[in-house]
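Structure file run31.pdb (PDB, N, CA, C and O atoms and all ligand atoms) follows.
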```
ATOM      1  N   MET A   1      29.106 -66.527 -76.174  1.00  0.00           N
ATOM      2  CA  MET A   1      30.127 -65.622 -75.641  1.00  0.00           C
ATOM      3  C   MET A   1      31.274 -66.408 -75.023  1.00  0.00           C
ATOM      4  O   MET A   1      31.072 -67.268 -74.173  1.00  0.00           O
ATOM      5  N   LYS A   2      32.437 -66.103 -75.492  1.00  0.00           N
ATOM      6  CA  LYS A   2      33.611 -66.838 -74.978  1.00  0.00           C
ATOM      7  C   LYS A   2      34.593 -65.895 -74.300  1.00  0.00           C
ATOM      8  O   LYS A   2      34.837 -64.795 -74.777  1.00  0.00           O
ATOM      9  N   LYS A   3      35.082 -66.392 -73.221  1.00  0.00           N
ATOM     10  CA  LYS A   3      36.129 -65.631 -72.527  1.00  0.00           C
ATOM     11  C   LYS A   3      37.401 -66.457 -72.514  1.00  0.00           C
ATOM     12  O   LYS A   3      37.365 -67.651 -72.226  1.00  0.00           O
ATOM     13  N   LYS A   4      38.432 -65.810 -72.818  1.00  0.00           N
ATOM     14  CA  LYS A   4      39.716 -66.510 -72.776  1.00  0.00           C
ATOM     15  C   LYS A   4      40.416 -66.239 -71.457  1.00  0.00           C
ATOM     16  O   LYS A   4      40.550 -65.090 -71.045  1.00  0.00           O
ATOM     17  N   MET A   5      40.796 -67.325 -70.845  1.00  0.00           N
ATOM     18  CA  MET A   5      41.550 -67.193 -69.604  1.00  0.00           C
ATOM     19  C   MET A   5      43.042 -67.327 -69.909  1.00  0.00           C
ATOM     20  O   MET A   5      43.496 -68.363 -70.385  1.00  0.00           O
ATOM     21  N   ILE A   6      43.727 -66.297 -69.664  1.00  0.00           N
ATOM     22  CA  ILE A   6      45.174 -66.353 -69.843  1.00  0.00           C
ATOM     23  C   ILE A   6      45.824 -66.416 -68.474  1.00  0.00           C
ATOM     24  O   ILE A   6      45.750 -65.454 -67.703  1.00  0.00           O
ATOM     25  N   PRO A   7      46.391 -67.559 -68.160  1.00  0.00           N
ATOM     26  CA  PRO A   7      47.005 -67.668 -66.829  1.00  0.00           C
ATOM     27  C   PRO A   7      48.244 -66.797 -66.703  1.00  0.00           C
ATOM     28  O   PRO A   7      49.133 -66.830 -67.556  1.00  0.00           O
ATOM     29  N   SER A   8      48.237 -66.017 -65.677  1.00  0.00           N
ATOM     30  CA  SER A   8      49.416 -65.174 -65.453  1.00  0.00           C
ATOM     31  C   SER A   8      50.480 -65.985 -64.732  1.00  0.00           C
ATOM     32  O   SER A   8      50.168 -66.753 -63.827  1.00  0.00           O
ATOM     33  N   PRO A   9      51.674 -65.824 -65.120  1.00  0.00           N
ATOM     34  CA  PRO A   9      52.733 -66.627 -64.492  1.00  0.00           C
ATOM     35  C   PRO A   9      52.961 -66.226 -63.038  1.00  0.00           C
ATOM     36  O   PRO A   9      53.240 -65.063 -62.736  1.00  0.00           O
ATOM     37  N   LYS A  10      52.795 -67.201 -62.165  1.00  0.00           N
ATOM     38  CA  LYS A  10      53.002 -66.920 -60.745  1.00  0.00           C
ATOM     39  C   LYS A  10      54.379 -67.377 -60.293  1.00  0.00           C
ATOM     40  O   LYS A  10      54.821 -67.008 -59.216  1.00  0.00           O
ATOM     41  N   THR A  11      54.964 -68.187 -61.117  1.00  0.00           N
ATOM     42  CA  THR A  11      56.267 -68.696 -60.724  1.00  0.00           C
ATOM     43  C   THR A  11      57.356 -67.666 -61.009  1.00  0.00           C
ATOM     44  O   THR A  11      57.320 -66.949 -61.993  1.00  0.00           O
ATOM     45  N   LYS A  12      58.273 -67.630 -60.120  1.00  0.00           N
ATOM     46  CA  LYS A  12      59.399 -66.714 -60.283  1.00  0.00           C
ATOM     47  C   LYS A  12      60.682 -67.497 -60.073  1.00  0.00           C
ATOM     48  O   LYS A  12      60.697 -68.501 -59.369  1.00  0.00           O
ATOM     49  N   PHE A  13      61.707 -66.973 -60.652  1.00  0.00           N
ATOM     50  CA  PHE A  13      63.025 -67.518 -60.354  1.00  0.00           C
ATOM     51  C   PHE A  13      63.605 -66.787 -59.155  1.00  0.00           C
ATOM     52  O   PHE A  13      63.536 -65.568 -59.060  1.00  0.00           O
ATOM     53  N   LEU A  14      64.118 -67.562 -58.249  1.00  0.00           N
ATOM     54  CA  LEU A  14      64.751 -66.979 -57.077  1.00  0.00           C
ATOM     55  C   LEU A  14      66.228 -67.351 -57.065  1.00  0.00           C
ATOM     56  O   LEU A  14      66.585 -68.480 -57.394  1.00  0.00           O
ATOM     57  N   GLN A  15      67.022 -66.412 -56.702  1.00  0.00           N
ATOM     58  CA  GLN A  15      68.423 -66.726 -56.468  1.00  0.00           C
ATOM     59  C   GLN A  15      68.586 -66.975 -54.983  1.00  0.00           C
ATOM     60  O   GLN A  15      68.322 -66.089 -54.163  1.00  0.00           O
ATOM     61  N   ILE A  16      68.963 -68.177 -54.636  1.00  0.00           N
ATOM     62  CA  ILE A  16      69.082 -68.524 -53.218  1.00  0.00           C
ATOM     63  C   ILE A  16      70.516 -68.916 -52.880  1.00  0.00           C
ATOM     64  O   ILE A  16      71.296 -69.303 -53.743  1.00  0.00           O
ATOM     65  N   LYS A  17      70.784 -68.807 -51.607  1.00  0.00           N
ATOM     66  CA  LYS A  17      72.141 -69.058 -51.134  1.00  0.00           C
ATOM     67  C   LYS A  17      72.073 -70.086 -50.016  1.00  0.00           C
ATOM     68  O   LYS A  17      71.294 -69.932 -49.062  1.00  0.00           O
ATOM     69  N   CYS A  18      72.880 -71.098 -50.148  1.00  0.00           N
ATOM     70  CA  CYS A  18      72.933 -72.127 -49.119  1.00  0.00           C
ATOM     71  C   CYS A  18      73.403 -71.534 -47.798  1.00  0.00           C
ATOM     72  O   CYS A  18      74.380 -70.792 -47.750  1.00  0.00           O
ATOM     73  N   ILE A  19      72.667 -71.867 -46.723  1.00  0.00           N
ATOM     74  CA  ILE A  19      73.018 -71.324 -45.412  1.00  0.00           C
ATOM     75  C   ILE A  19      74.335 -71.924 -44.917  1.00  0.00           C
ATOM     76  O   ILE A  19      75.118 -71.275 -44.242  1.00  0.00           O
ATOM     77  N   LYS A  20      74.550 -73.182 -45.285  1.00  0.00           N
ATOM     78  CA  LYS A  20      75.734 -73.884 -44.766  1.00  0.00           C
ATOM     79  C   LYS A  20      77.030 -73.463 -45.455  1.00  0.00           C
ATOM     80  O   LYS A  20      78.003 -73.114 -44.812  1.00  0.00           O
ATOM     81  N   CYS A  21      77.006 -73.549 -46.804  1.00  0.00           N
ATOM     82  CA  CYS A  21      78.288 -73.351 -47.495  1.00  0.00           C
ATOM     83  C   CYS A  21      78.317 -72.083 -48.344  1.00  0.00           C
ATOM     84  O   CYS A  21      79.359 -71.715 -48.879  1.00  0.00           O
ATOM     85  N   GLY A  22      77.172 -71.407 -48.492  1.00  0.00           N
ATOM     86  CA  GLY A  22      77.166 -70.137 -49.197  1.00  0.00           C
ATOM     87  C   GLY A  22      77.117 -70.233 -50.704  1.00  0.00           C
ATOM     88  O   GLY A  22      77.213 -69.232 -51.400  1.00  0.00           O
ATOM     89  N   LYS A  23      76.950 -71.448 -51.226  1.00  0.00           N
ATOM     90  CA  LYS A  23      76.867 -71.612 -52.671  1.00  0.00           C
ATOM     91  C   LYS A  23      75.513 -71.114 -53.171  1.00  0.00           C
ATOM     92  O   LYS A  23      74.481 -71.446 -52.609  1.00  0.00           O
ATOM     93  N   GLU A  24      75.536 -70.340 -54.227  1.00  0.00           N
ATOM     94  CA  GLU A  24      74.299 -69.772 -54.756  1.00  0.00           C
ATOM     95  C   GLU A  24      73.801 -70.559 -55.951  1.00  0.00           C
ATOM     96  O   GLU A  24      74.586 -71.130 -56.712  1.00  0.00           O
ATOM     97  N   ARG A  25      72.487 -70.576 -56.095  1.00  0.00           N
ATOM     98  CA  ARG A  25      71.891 -71.191 -57.282  1.00  0.00           C
ATOM     99  C   ARG A  25      70.513 -70.597 -57.513  1.00  0.00           C
ATOM    100  O   ARG A  25      69.931 -69.971 -56.630  1.00  0.00           O
ATOM    101  N   ASN A  26      69.988 -70.807 -58.717  1.00  0.00           N
ATOM    102  CA  ASN A  26      68.667 -70.295 -59.059  1.00  0.00           C
ATOM    103  C   ASN A  26      67.651 -71.428 -59.013  1.00  0.00           C
ATOM    104  O   ASN A  26      67.920 -72.529 -59.476  1.00  0.00           O
ATOM    105  N   VAL A  27      66.491 -71.137 -58.436  1.00  0.00           N
ATOM    106  CA  VAL A  27      65.424 -72.136 -58.364  1.00  0.00           C
ATOM    107  C   VAL A  27      64.089 -71.481 -58.712  1.00  0.00           C
ATOM    108  O   VAL A  27      63.937 -70.258 -58.637  1.00  0.00           O
ATOM    109  N   PHE A  28      63.129 -72.321 -59.072  1.00  0.00           N
ATOM    110  CA  PHE A  28      61.763 -71.849 -59.248  1.00  0.00           C
ATOM    111  C   PHE A  28      61.107 -71.677 -57.885  1.00  0.00           C
ATOM    112  O   PHE A  28      61.285 -72.509 -56.999  1.00  0.00           O
ATOM    113  N   SER A  29      60.340 -70.628 -57.724  1.00  0.00           N
ATOM    114  CA  SER A  29      59.639 -70.414 -56.465  1.00  0.00           C
ATOM    115  C   SER A  29      58.546 -71.456 -56.245  1.00  0.00           C
ATOM    116  O   SER A  29      58.148 -71.714 -55.130  1.00  0.00           O
ATOM    117  N   ALA A  30      58.066 -72.039 -57.326  1.00  0.00           N
ATOM    118  CA  ALA A  30      57.007 -73.047 -57.215  1.00  0.00           C
ATOM    119  C   ALA A  30      57.532 -74.422 -57.602  1.00  0.00           C
ATOM    120  O   ALA A  30      56.838 -75.218 -58.209  1.00  0.00           O
ATOM    121  N   SER A  31      58.739 -74.665 -57.252  1.00  0.00           N
ATOM    122  CA  SER A  31      59.345 -75.950 -57.569  1.00  0.00           C
ATOM    123  C   SER A  31      58.591 -77.084 -56.874  1.00  0.00           C
ATOM    124  O   SER A  31      58.198 -76.957 -55.726  1.00  0.00           O
ATOM    125  N   THR A  32      58.393 -78.178 -57.585  1.00  0.00           N
ATOM    126  CA  THR A  32      57.697 -79.316 -56.995  1.00  0.00           C
ATOM    127  C   THR A  32      58.662 -80.455 -56.700  1.00  0.00           C
ATOM    128  O   THR A  32      58.247 -81.545 -56.356  1.00  0.00           O
ATOM    129  N   THR A  33      59.908 -80.189 -56.856  1.00  0.00           N
ATOM    130  CA  THR A  33      60.899 -81.209 -56.535  1.00  0.00           C
ATOM    131  C   THR A  33      61.829 -80.695 -55.437  1.00  0.00           C
ATOM    132  O   THR A  33      62.025 -79.496 -55.274  1.00  0.00           O
ATOM    133  N   GLN A  34      62.370 -81.634 -54.709  1.00  0.00           N
ATOM    134  CA  GLN A  34      63.318 -81.268 -53.666  1.00  0.00           C
ATOM    135  C   GLN A  34      64.645 -80.869 -54.307  1.00  0.00           C
ATOM    136  O   GLN A  34      65.125 -81.545 -55.209  1.00  0.00           O
ATOM    137  N   ILE A  35      65.171 -79.777 -53.848  1.00  0.00           N
ATOM    138  CA  ILE A  35      66.428 -79.294 -54.420  1.00  0.00           C
ATOM    139  C   ILE A  35      67.488 -79.277 -53.326  1.00  0.00           C
ATOM    140  O   ILE A  35      67.276 -78.724 -52.244  1.00  0.00           O
ATOM    141  N   LYS A  36      68.587 -79.910 -53.648  1.00  0.00           N
ATOM    142  CA  LYS A  36      69.688 -79.960 -52.698  1.00  0.00           C
ATOM    143  C   LYS A  36      70.840 -79.089 -53.173  1.00  0.00           C
ATOM    144  O   LYS A  36      71.018 -78.873 -54.366  1.00  0.00           O
ATOM    145  N   CYS A  37      71.607 -78.660 -52.234  1.00  0.00           N
ATOM    146  CA  CYS A  37      72.783 -77.855 -52.548  1.00  0.00           C
ATOM    147  C   CYS A  37      73.794 -78.702 -53.310  1.00  0.00           C
ATOM    148  O   CYS A  37      74.059 -79.850 -52.953  1.00  0.00           O
ATOM    149  N   ASP A  38      74.360 -78.122 -54.359  1.00  0.00           N
ATOM    150  CA  ASP A  38      75.376 -78.826 -55.132  1.00  0.00           C
ATOM    151  C   ASP A  38      76.657 -79.017 -54.327  1.00  0.00           C
ATOM    152  O   ASP A  38      77.410 -79.958 -54.541  1.00  0.00           O
ATOM    153  N   GLY A  39      76.881 -78.092 -53.436  1.00  0.00           N
ATOM    154  CA  GLY A  39      78.139 -78.114 -52.711  1.00  0.00           C
ATOM    155  C   GLY A  39      78.146 -79.070 -51.530  1.00  0.00           C
ATOM    156  O   GLY A  39      79.017 -79.931 -51.418  1.00  0.00           O
ATOM    157  N   CYS A  40      77.140 -78.953 -50.644  1.00  0.00           N
ATOM    158  CA  CYS A  40      77.201 -79.692 -49.384  1.00  0.00           C
ATOM    159  C   CYS A  40      76.034 -80.647 -49.183  1.00  0.00           C
ATOM    160  O   CYS A  40      75.998 -81.372 -48.208  1.00  0.00           O
ATOM    161  N   GLY A  41      75.061 -80.642 -50.083  1.00  0.00           N
ATOM    162  CA  GLY A  41      73.961 -81.594 -49.975  1.00  0.00           C
ATOM    163  C   GLY A  41      72.840 -81.152 -49.061  1.00  0.00           C
ATOM    164  O   GLY A  41      71.865 -81.874 -48.860  1.00  0.00           O
ATOM    165  N   GLN A  42      72.951 -79.980 -48.494  1.00  0.00           N
ATOM    166  CA  GLN A  42      71.888 -79.419 -47.664  1.00  0.00           C
ATOM    167  C   GLN A  42      70.615 -79.251 -48.502  1.00  0.00           C
ATOM    168  O   GLN A  42      70.675 -78.798 -49.645  1.00  0.00           O
ATOM    169  N   ILE A  43      69.462 -79.616 -47.928  1.00  0.00           N
ATOM    170  CA  ILE A  43      68.206 -79.439 -48.659  1.00  0.00           C
ATOM    171  C   ILE A  43      67.837 -77.955 -48.658  1.00  0.00           C
ATOM    172  O   ILE A  43      67.715 -77.334 -47.598  1.00  0.00           O
ATOM    173  N   LEU A  44      67.681 -77.417 -49.850  1.00  0.00           N
ATOM    174  CA  LEU A  44      67.398 -75.986 -49.977  1.00  0.00           C
ATOM    175  C   LEU A  44      65.914 -75.721 -50.186  1.00  0.00           C
ATOM    176  O   LEU A  44      65.398 -74.701 -49.745  1.00  0.00           O
ATOM    177  N   VAL A  45      65.231 -76.601 -50.908  1.00  0.00           N
ATOM    178  CA  VAL A  45      63.823 -76.387 -51.230  1.00  0.00           C
ATOM    179  C   VAL A  45      63.040 -77.670 -50.964  1.00  0.00           C
ATOM    180  O   VAL A  45      63.395 -78.733 -51.452  1.00  0.00           O
ATOM    181  N   HIS A  46      62.006 -77.529 -50.144  1.00  0.00           N
ATOM    182  CA  HIS A  46      61.070 -78.612 -49.897  1.00  0.00           C
ATOM    183  C   HIS A  46      59.810 -78.366 -50.715  1.00  0.00           C
ATOM    184  O   HIS A  46      59.222 -77.295 -50.616  1.00  0.00           O
ATOM    185  N   PRO A  47      59.364 -79.327 -51.484  1.00  0.00           N
ATOM    186  CA  PRO A  47      58.086 -79.142 -52.166  1.00  0.00           C
ATOM    187  C   PRO A  47      56.934 -79.299 -51.190  1.00  0.00           C
ATOM    188  O   PRO A  47      57.000 -80.094 -50.266  1.00  0.00           O
ATOM    189  N   SER A  48      55.885 -78.496 -51.372  1.00  0.00           N
ATOM    190  CA  SER A  48      54.678 -78.647 -50.569  1.00  0.00           C
ATOM    191  C   SER A  48      53.472 -78.522 -51.488  1.00  0.00           C
ATOM    192  O   SER A  48      53.624 -78.370 -52.697  1.00  0.00           O
ATOM    193  N   ALA A  49      52.298 -78.566 -50.930  1.00  0.00           N
ATOM    194  CA  ALA A  49      51.082 -78.641 -51.738  1.00  0.00           C
ATOM    195  C   ALA A  49      50.942 -77.477 -52.716  1.00  0.00           C
ATOM    196  O   ALA A  49      50.678 -77.659 -53.891  1.00  0.00           O
ATOM    197  N   SER A  50      51.122 -76.292 -52.225  1.00  0.00           N
ATOM    198  CA  SER A  50      50.853 -75.128 -53.071  1.00  0.00           C
ATOM    199  C   SER A  50      52.113 -74.437 -53.559  1.00  0.00           C
ATOM    200  O   SER A  50      52.163 -73.932 -54.668  1.00  0.00           O
ATOM    201  N   LYS A  51      53.124 -74.396 -52.728  1.00  0.00           N
ATOM    202  CA  LYS A  51      54.356 -73.738 -53.142  1.00  0.00           C
ATOM    203  C   LYS A  51      55.544 -74.350 -52.434  1.00  0.00           C
ATOM    204  O   LYS A  51      55.401 -75.074 -51.462  1.00  0.00           O
ATOM    205  N   ALA A  52      56.684 -74.009 -52.942  1.00  0.00           N
ATOM    206  CA  ALA A  52      57.895 -74.569 -52.369  1.00  0.00           C
ATOM    207  C   ALA A  52      58.255 -73.863 -51.072  1.00  0.00           C
ATOM    208  O   ALA A  52      58.031 -72.673 -50.913  1.00  0.00           O
ATOM    209  N   VAL A  53      58.785 -74.644 -50.150  1.00  0.00           N
ATOM    210  CA  VAL A  53      59.289 -74.065 -48.908  1.00  0.00           C
ATOM    211  C   VAL A  53      60.800 -73.953 -49.039  1.00  0.00           C
ATOM    212  O   VAL A  53      61.498 -74.938 -49.231  1.00  0.00           O
ATOM    213  N   ILE A  54      61.261 -72.740 -48.967  1.00  0.00           N
ATOM    214  CA  ILE A  54      62.674 -72.501 -49.214  1.00  0.00           C
ATOM    215  C   ILE A  54      63.419 -72.388 -47.897  1.00  0.00           C
ATOM    216  O   ILE A  54      63.064 -71.595 -47.032  1.00  0.00           O
ATOM    217  N   GLU A  55      64.405 -73.234 -47.749  1.00  0.00           N
ATOM    218  CA  GLU A  55      65.194 -73.246 -46.516  1.00  0.00           C
ATOM    219  C   GLU A  55      66.596 -72.743 -46.793  1.00  0.00           C
ATOM    220  O   GLU A  55      67.580 -73.344 -46.412  1.00  0.00           O
ATOM    221  N   ALA A  56      66.650 -71.681 -47.523  1.00  0.00           N
ATOM    222  CA  ALA A  56      67.938 -71.074 -47.824  1.00  0.00           C
ATOM    223  C   ALA A  56      67.741 -69.578 -47.832  1.00  0.00           C
ATOM    224  O   ALA A  56      66.607 -69.087 -47.805  1.00  0.00           O
ATOM    225  N   LYS A  57      68.830 -68.864 -47.883  1.00  0.00           N
ATOM    226  CA  LYS A  57      68.723 -67.419 -47.913  1.00  0.00           C
ATOM    227  C   LYS A  57      68.392 -66.967 -49.330  1.00  0.00           C
ATOM    228  O   LYS A  57      69.093 -67.318 -50.285  1.00  0.00           O
ATOM    229  N   ILE A  58      67.306 -66.207 -49.461  1.00  0.00           N
ATOM    230  CA  ILE A  58      66.940 -65.695 -50.776  1.00  0.00           C
ATOM    231  C   ILE A  58      67.769 -64.438 -51.055  1.00  0.00           C
ATOM    232  O   ILE A  58      67.659 -63.443 -50.330  1.00  0.00           O
ATOM    233  N   VAL A  59      68.594 -64.535 -52.065  1.00  0.00           N
ATOM    234  CA  VAL A  59      69.465 -63.407 -52.396  1.00  0.00           C
ATOM    235  C   VAL A  59      68.667 -62.344 -53.147  1.00  0.00           C
ATOM    236  O   VAL A  59      68.675 -61.173 -52.796  1.00  0.00           O
ATOM    237  N   LYS A  60      67.964 -62.786 -54.200  1.00  0.00           N
ATOM    238  CA  LYS A  60      67.099 -61.857 -54.919  1.00  0.00           C
ATOM    239  C   LYS A  60      66.089 -62.606 -55.769  1.00  0.00           C
ATOM    240  O   LYS A  60      66.245 -63.787 -56.034  1.00  0.00           O
ATOM    241  N   VAL A  61      65.051 -61.891 -56.167  1.00  0.00           N
ATOM    242  CA  VAL A  61      64.039 -62.437 -57.063  1.00  0.00           C
ATOM    243  C   VAL A  61      64.408 -62.020 -58.472  1.00  0.00           C
ATOM    244  O   VAL A  61      64.602 -60.834 -58.745  1.00  0.00           O
ATOM    245  N   LEU A  62      64.499 -62.997 -59.341  1.00  0.00           N
ATOM    246  CA  LEU A  62      64.938 -62.704 -60.707  1.00  0.00           C
ATOM    247  C   LEU A  62      63.749 -62.415 -61.609  1.00  0.00           C
ATOM    248  O   LEU A  62      62.646 -62.832 -61.360  1.00  0.00           O
TER     249      LEU A  62
HETATM  250 ZN    ZN B 101      75.614 -75.869 -49.428  1.00  0.00          ZN
END
```
Take the structure in the file and give it back as structure tokens.
Amino acid sequence: MKKKMIPSPKTKFLQIKCIKCGKERNVFSASTTQIKCDGCGQILVHPSASKAVIEAKIVKVL
């Protein structure tokens, strides 16, 4: 007897807005890399063990 495990996608795209300069960009909610603002260099996303820590204003979930 075989069971197939189909992983459901937990990652989402988030539209976030830089707190400092207001520039918006899209990021993965489970990003494993540090993401900096294109405009001012402010760190927007910190990677952590299980999920990304977002230090920006989340505009919407895409
Ligand atoms: Zn910025």
Next on the checklist: 6 Å from ligand ZN 101 (chain B) is the threshold here; counting only N, CA, C and O atoms and all ligand atoms, which polymer residues fall inside it? Answer as JSON, numbers by chain.
Outcome noted: {"A": [18, 19, 20, 21, 22, 23, 37, 38, 39, 40, 41, 42]}
Item to check | Residue list (strand (DSSP E), DSSP) for chain A, as a ChimeraX atom specification | outcome: /A:13-17,24-28,35-36,43-46,53-54,57-61
Checklist entry - A:Lys17, A:Thr32, A:Lys12, A:Arg25: which is nearest A:Pro47, counting only C-alpha atoms? => result A:Thr32
Item to check | Top pick for closest residue to A:Lys36, considering A:Leu62, A:Ala56, A:Ala49, A:Met5 and counting only C-alpha atoms | outcome: A:Ala56
Next on the checklist: Once the PyMOL selection byres (((chain A and resi 27) around 6) and not hetatm) is applied to the coordinates I shared, what remains selected? I want it as JSON, numbers by chain.
Outcome noted: {"A": [12, 13, 14, 15, 16, 25, 26, 28, 29]}
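Between atom O of A:His46 and atom N of A:Glu24 there is a distance of 18.1 Å.
Here atom CA of A:Ile58 stands at a distance of 11.1 Å from atom CA of A:Val45.
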